[in-house]
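S.K.: Handing you this structure, nothing more for now.
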Amino acid sequence: MTDTVYQVSHLTLVPRRHYGRMIGAAFVCAALAAIVHAFAVGQIEWNYVAEFLTVPAIMSGLVNTVVMALLAMVLGIVLGVIFAIMRLSHNPVLSVTALGYVWLFRAIPALLQLLLWFNLALVFPTISIPGIFSVPTVAVMTPFVAALLGLGIQQGAFTAEVVRAGLLSVDQGQYEAAQTIGMTRLKMLRRIIMPQAMRVIVPPVGNEFIGMVKLTSLASVIQYAEILHSAQNIYYANSRVIELLIVASIWYLLVVTILSLIQGRVEKYYSKGVASPANAK
Amino acid sequence: MDTQNLSPNAPIVVTADVRKRFGTLEVLKGINVKVPQGEVLCIIGPSGSGKSTFLRCINQLERIDAGAIWVGGELVGFRREGDNLYELDDVQIARQRRSIGMVFQRFNLFPHLTVTQNVTEGPIQVLGEKPAEAQERAHALLEQVGLSDKRNAYPAHLSGGQQQRVAIARALAMRPQLLLFDEPTSALDPELVGEVLNVMRDLAQSGMTMIVVTHELGFAREVSHRVAFMDQGQLVEIGDSRSVLADPQQARTREFISAVHK
Ligand SMILES: Nc1ncnc2c1ncn2[C@@H]1O[C@H](COP(=O)(O)OP(=O)(O)O)[C@@H](O)[C@H]1O
Ligand SMILES: [Mg+2]
């Protein structure tokens, strides 16, 4: 019974070599090194980048960017929720109006919408309610207001679709259970339906928030002093074009990174009660 | 409001010629039934006969097309002035639903709330009770259904039987005058049916008025006072639970009962 073939304790295991992966990794490393080298020796004055990173004009541009992204997103979410609920209404006037809103503002490019709002005075020279007040449109439609309306309203059209999908994702039985404990429609939406819909809504809205931060750069076209506009103003004066564009890029990177971290937290908050081994007690 | 029905001995539920159609399909063809205070009425019948629809009409998850329903002496869904019936608005319908508890086949617990929060949600948000009081009562109710140790769990971590018992506690927290059960054990694994039926039996003994749609004929025989057999949108037969189940008068009832027993 000395079946030596089945004696394995003295054998050594030699792991398989992934030659393909190793070659691929070597190529990627070489390419990265080449890119880093190119930028290091390229026509970039890195000390200018450092110098302009925190100058007042850039900082105020950064604040304007963040403020605009935040306000436009708030407007977008408020409009999105309202139009999503209208869209699901049994009242055909409400639901068709909501459909039209989404159709119109999702179709027209954001830049074009900004230009339309900014030039509204060409259509309506004054904004007025007869007998109560009347103001010239140019006085109201500042770059800030035009950017906020343009960005917020088109965002609302996208958010409405996201919120609608979220509301539809909640089981019909939840609506019925909320009704049978005597909740009114609004309380049911606020306490029972929305918190569950948020699980579906938060990830795409987080992405769109990040998109919004970048979309605010469009407002530079209508003279809103956001960070790209500030960077451009500086390089028109000193011709350090690439350096200032890099300054703006660094700030965008930072803001988006912070937003991504917050998004992760919020997603975790709304996953309460979802069955998963991590949540089990 | 129809005040002549408000006497203390008035039945908790009265339905008069209740009709309901979905498109061209007539699902309820004139249902007349009276459920006195403290009675347990079981409704049995084949699938699709309109049992769920009837329960849903009582707490206005469906709107009836004709007839009338009174719960606790109050006309459901309408306000009567002279010979006119005015439809109630959202807020008034919500108020009427408070006193009618409902337990669903699929539990429908709120998954984002803990067990205790599921039970306190209605009392706090709808009845305006103080959170501390609501919580204390919730704990008592959870003890009553045997789930004190699951107070802080989320529904997803409970078995079906446990979820259904939480659903019963949630309904009881509203201090209902009437409980509706729509096949409360049909979604449960066989070994979990008993724990839910036991809770319902205790409730029945405590004098709760209950309408129970069920296929558990044993429960119907032992716990309910009367059994109604529904078929194709009609109450074919209604009577004392033992006699209906043991000696049905109608051929359709006999067929159904022998089919279930097979
Ligand atoms: N919302 C609805 N729309 C259309 N038909 C429905 C709806 N709800 C129920 N029905 C129909 O009504 C009939 C009775 O259904 P239901 O009351 O659920 O029966 P049961 O509970 O006795 O099985 C069935 O034919 C069903 O298909
Ligand atoms: Mg049913």
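Chain labels A, B, ... are given in the sequence in which chains occur in the structure tokens; within each chain residues are numbered consecutively from 1, and ligands are likewise numbered from 1 in the order shown.
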Using only C-alpha atoms and all ligand atoms, find each protein or nucleic acid residue lying at most 12 Å from ligand 2; present the set as a PyMOL selection string.
M.R.: chain B and resi 27+43-56+104-106+181-187+212-215+230
S.K.: Write the residues you've just listed into a file as a PDB file, in the first residue's frame, and include N, CA and C atoms for each of them.
M.R.:
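As written to disk, out-v7.pdb reads:
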```pdb
ATOM      1  N   VAL B  27     -66.903  43.436  -9.695  1.00  0.00           N
ATOM      2  CA  VAL B  27     -66.189  42.637  -8.712  1.00  0.00           C
ATOM      3  C   VAL B  27     -67.023  42.432  -7.445  1.00  0.00           C
ATOM      4  N   ILE B  43     -64.147  35.778   6.237  1.00  0.00           N
ATOM      5  CA  ILE B  43     -64.650  35.687   4.867  1.00  0.00           C
ATOM      6  C   ILE B  43     -63.790  34.675   4.131  1.00  0.00           C
ATOM      7  N   ILE B  44     -64.446  33.657   3.593  1.00  0.00           N
ATOM      8  CA  ILE B  44     -63.721  32.654   2.810  1.00  0.00           C
ATOM      9  C   ILE B  44     -64.262  32.692   1.390  1.00  0.00           C
ATOM     10  N   GLY B  45     -63.528  32.096   0.486  1.00  0.00           N
ATOM     11  CA  GLY B  45     -64.011  32.062  -0.895  1.00  0.00           C
ATOM     12  C   GLY B  45     -62.850  31.918  -1.847  1.00  0.00           C
ATOM     13  N   PRO B  46     -63.156  31.515  -3.081  1.00  0.00           N
ATOM     14  CA  PRO B  46     -62.076  31.277  -4.038  1.00  0.00           C
ATOM     15  C   PRO B  46     -61.345  32.565  -4.406  1.00  0.00           C
ATOM     16  N   SER B  47     -60.139  32.393  -4.902  1.00  0.00           N
ATOM     17  CA  SER B  47     -59.336  33.525  -5.348  1.00  0.00           C
ATOM     18  C   SER B  47     -60.051  34.277  -6.461  1.00  0.00           C
ATOM     19  N   GLY B  48     -60.028  35.610  -6.385  1.00  0.00           N
ATOM     20  CA  GLY B  48     -60.678  36.426  -7.407  1.00  0.00           C
ATOM     21  C   GLY B  48     -62.145  36.675  -7.153  1.00  0.00           C
ATOM     22  N   SER B  49     -62.659  36.226  -5.983  1.00  0.00           N
ATOM     23  CA  SER B  49     -64.094  36.370  -5.737  1.00  0.00           C
ATOM     24  C   SER B  49     -64.451  37.762  -5.209  1.00  0.00           C
ATOM     25  N   GLY B  50     -63.435  38.580  -4.883  1.00  0.00           N
ATOM     26  CA  GLY B  50     -63.712  39.956  -4.444  1.00  0.00           C
ATOM     27  C   GLY B  50     -63.489  40.205  -2.962  1.00  0.00           C
ATOM     28  N   LYS B  51     -62.899  39.240  -2.246  1.00  0.00           N
ATOM     29  CA  LYS B  51     -62.707  39.382  -0.800  1.00  0.00           C
ATOM     30  C   LYS B  51     -61.811  40.579  -0.468  1.00  0.00           C
ATOM     31  N   SER B  52     -60.652  40.648  -1.137  1.00  0.00           N
ATOM     32  CA  SER B  52     -59.736  41.759  -0.863  1.00  0.00           C
ATOM     33  C   SER B  52     -60.383  43.089  -1.224  1.00  0.00           C
ATOM     34  N   THR B  53     -61.039  43.116  -2.357  1.00  0.00           N
ATOM     35  CA  THR B  53     -61.681  44.355  -2.804  1.00  0.00           C
ATOM     36  C   THR B  53     -62.692  44.829  -1.767  1.00  0.00           C
ATOM     37  N   PHE B  54     -63.440  43.894  -1.196  1.00  0.00           N
ATOM     38  CA  PHE B  54     -64.425  44.262  -0.185  1.00  0.00           C
ATOM     39  C   PHE B  54     -63.746  44.910   1.030  1.00  0.00           C
ATOM     40  N   LEU B  55     -62.672  44.288   1.528  1.00  0.00           N
ATOM     41  CA  LEU B  55     -61.948  44.876   2.660  1.00  0.00           C
ATOM     42  C   LEU B  55     -61.418  46.259   2.297  1.00  0.00           C
ATOM     43  N   ARG B  56     -60.872  46.365   1.083  1.00  0.00           N
ATOM     44  CA  ARG B  56     -60.260  47.639   0.669  1.00  0.00           C
ATOM     45  C   ARG B  56     -61.308  48.735   0.510  1.00  0.00           C
ATOM     46  N   PHE B 104     -51.969  43.370   6.080  1.00  0.00           N
ATOM     47  CA  PHE B 104     -51.890  42.928   4.690  1.00  0.00           C
ATOM     48  C   PHE B 104     -51.235  41.550   4.579  1.00  0.00           C
ATOM     49  N   GLN B 105     -51.522  40.902   3.467  1.00  0.00           N
ATOM     50  CA  GLN B 105     -50.890  39.609   3.205  1.00  0.00           C
ATOM     51  C   GLN B 105     -49.371  39.737   3.181  1.00  0.00           C
ATOM     52  N   ARG B 106     -48.885  40.817   2.580  1.00  0.00           N
ATOM     53  CA  ARG B 106     -47.433  40.995   2.437  1.00  0.00           C
ATOM     54  C   ARG B 106     -46.843  41.943   3.482  1.00  0.00           C
ATOM     55  N   PHE B 181     -58.165  42.041   8.240  1.00  0.00           N
ATOM     56  CA  PHE B 181     -57.026  41.177   7.905  1.00  0.00           C
ATOM     57  C   PHE B 181     -57.244  40.606   6.515  1.00  0.00           C
ATOM     58  N   ASP B 182     -56.277  40.827   5.613  1.00  0.00           N
ATOM     59  CA  ASP B 182     -56.404  40.254   4.273  1.00  0.00           C
ATOM     60  C   ASP B 182     -55.396  39.111   4.105  1.00  0.00           C
ATOM     61  N   GLU B 183     -55.875  37.899   4.282  1.00  0.00           N
ATOM     62  CA  GLU B 183     -55.017  36.708   4.189  1.00  0.00           C
ATOM     63  C   GLU B 183     -53.696  36.897   4.937  1.00  0.00           C
ATOM     64  N   PRO B 184     -53.763  37.130   6.247  1.00  0.00           N
ATOM     65  CA  PRO B 184     -52.551  37.501   6.998  1.00  0.00           C
ATOM     66  C   PRO B 184     -51.505  36.394   7.078  1.00  0.00           C
ATOM     67  N   THR B 185     -51.890  35.153   6.783  1.00  0.00           N
ATOM     68  CA  THR B 185     -50.905  34.067   6.912  1.00  0.00           C
ATOM     69  C   THR B 185     -50.571  33.430   5.563  1.00  0.00           C
ATOM     70  N   SER B 186     -51.109  33.975   4.480  1.00  0.00           N
ATOM     71  CA  SER B 186     -50.922  33.304   3.181  1.00  0.00           C
ATOM     72  C   SER B 186     -49.509  33.416   2.647  1.00  0.00           C
ATOM     73  N   ALA B 187     -48.747  34.439   3.109  1.00  0.00           N
ATOM     74  CA  ALA B 187     -47.389  34.597   2.588  1.00  0.00           C
ATOM     75  C   ALA B 187     -46.356  33.952   3.510  1.00  0.00           C
ATOM     76  N   VAL B 212     -61.815  39.021   8.884  1.00  0.00           N
ATOM     77  CA  VAL B 212     -60.615  38.282   8.504  1.00  0.00           C
ATOM     78  C   VAL B 212     -60.868  37.498   7.229  1.00  0.00           C
ATOM     79  N   VAL B 213     -60.161  37.871   6.174  1.00  0.00           N
ATOM     80  CA  VAL B 213     -60.183  37.042   4.965  1.00  0.00           C
ATOM     81  C   VAL B 213     -59.106  35.983   5.135  1.00  0.00           C
ATOM     82  N   THR B 214     -59.484  34.728   5.040  1.00  0.00           N
ATOM     83  CA  THR B 214     -58.500  33.673   5.320  1.00  0.00           C
ATOM     84  C   THR B 214     -58.843  32.371   4.619  1.00  0.00           C
ATOM     85  N   HIS B 215     -57.830  31.552   4.433  1.00  0.00           N
ATOM     86  CA  HIS B 215     -58.047  30.188   3.968  1.00  0.00           C
ATOM     87  C   HIS B 215     -57.866  29.194   5.101  1.00  0.00           C
ATOM     88  N   MET B 230     -67.840  33.948   0.049  1.00  0.00           N
ATOM     89  CA  MET B 230     -67.991  34.883  -1.066  1.00  0.00           C
ATOM     90  C   MET B 230     -67.603  34.192  -2.354  1.00  0.00           C
TER      91      MET B 230
END
```
S.K.: Out of region 21-213 of chain A, which residues get strand (DSSP E or B) from DSSP, as a list in words?
M.R.: Thr126, Ile127, Ser128, Ile129, Phe133, Ser134, Val135 and Pro136 of chain A
S.K.: List the neighbours of Phe107 (chain B) out to 9 Å using only C-alpha atoms; skip same-chain residues closer than 5 positions along the sequence, and give me the result as a ChimeraX atom specification.
M.R.: /A:173,177 /B:160,163-168,184,187
S.K.: If you measure from CA of Lys20 (chain B) to CA of Glu62 (chain B), what distance in Å do you get, rounded to one decimal?
M.R.: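 Answer for the CA of Lys20 (chain B) to CA of Glu62 (chain B) separation: 8.5 Å.
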S.K.: If the cut-off is 10 Å, can you tell me the residues of chain B near chain A, counting only C-alpha atoms? I'd like them as a ChimeraX atom specification.
M.R.: /B:56,59-61,90-114,121-123,125-127,152-157,167,170-174,176
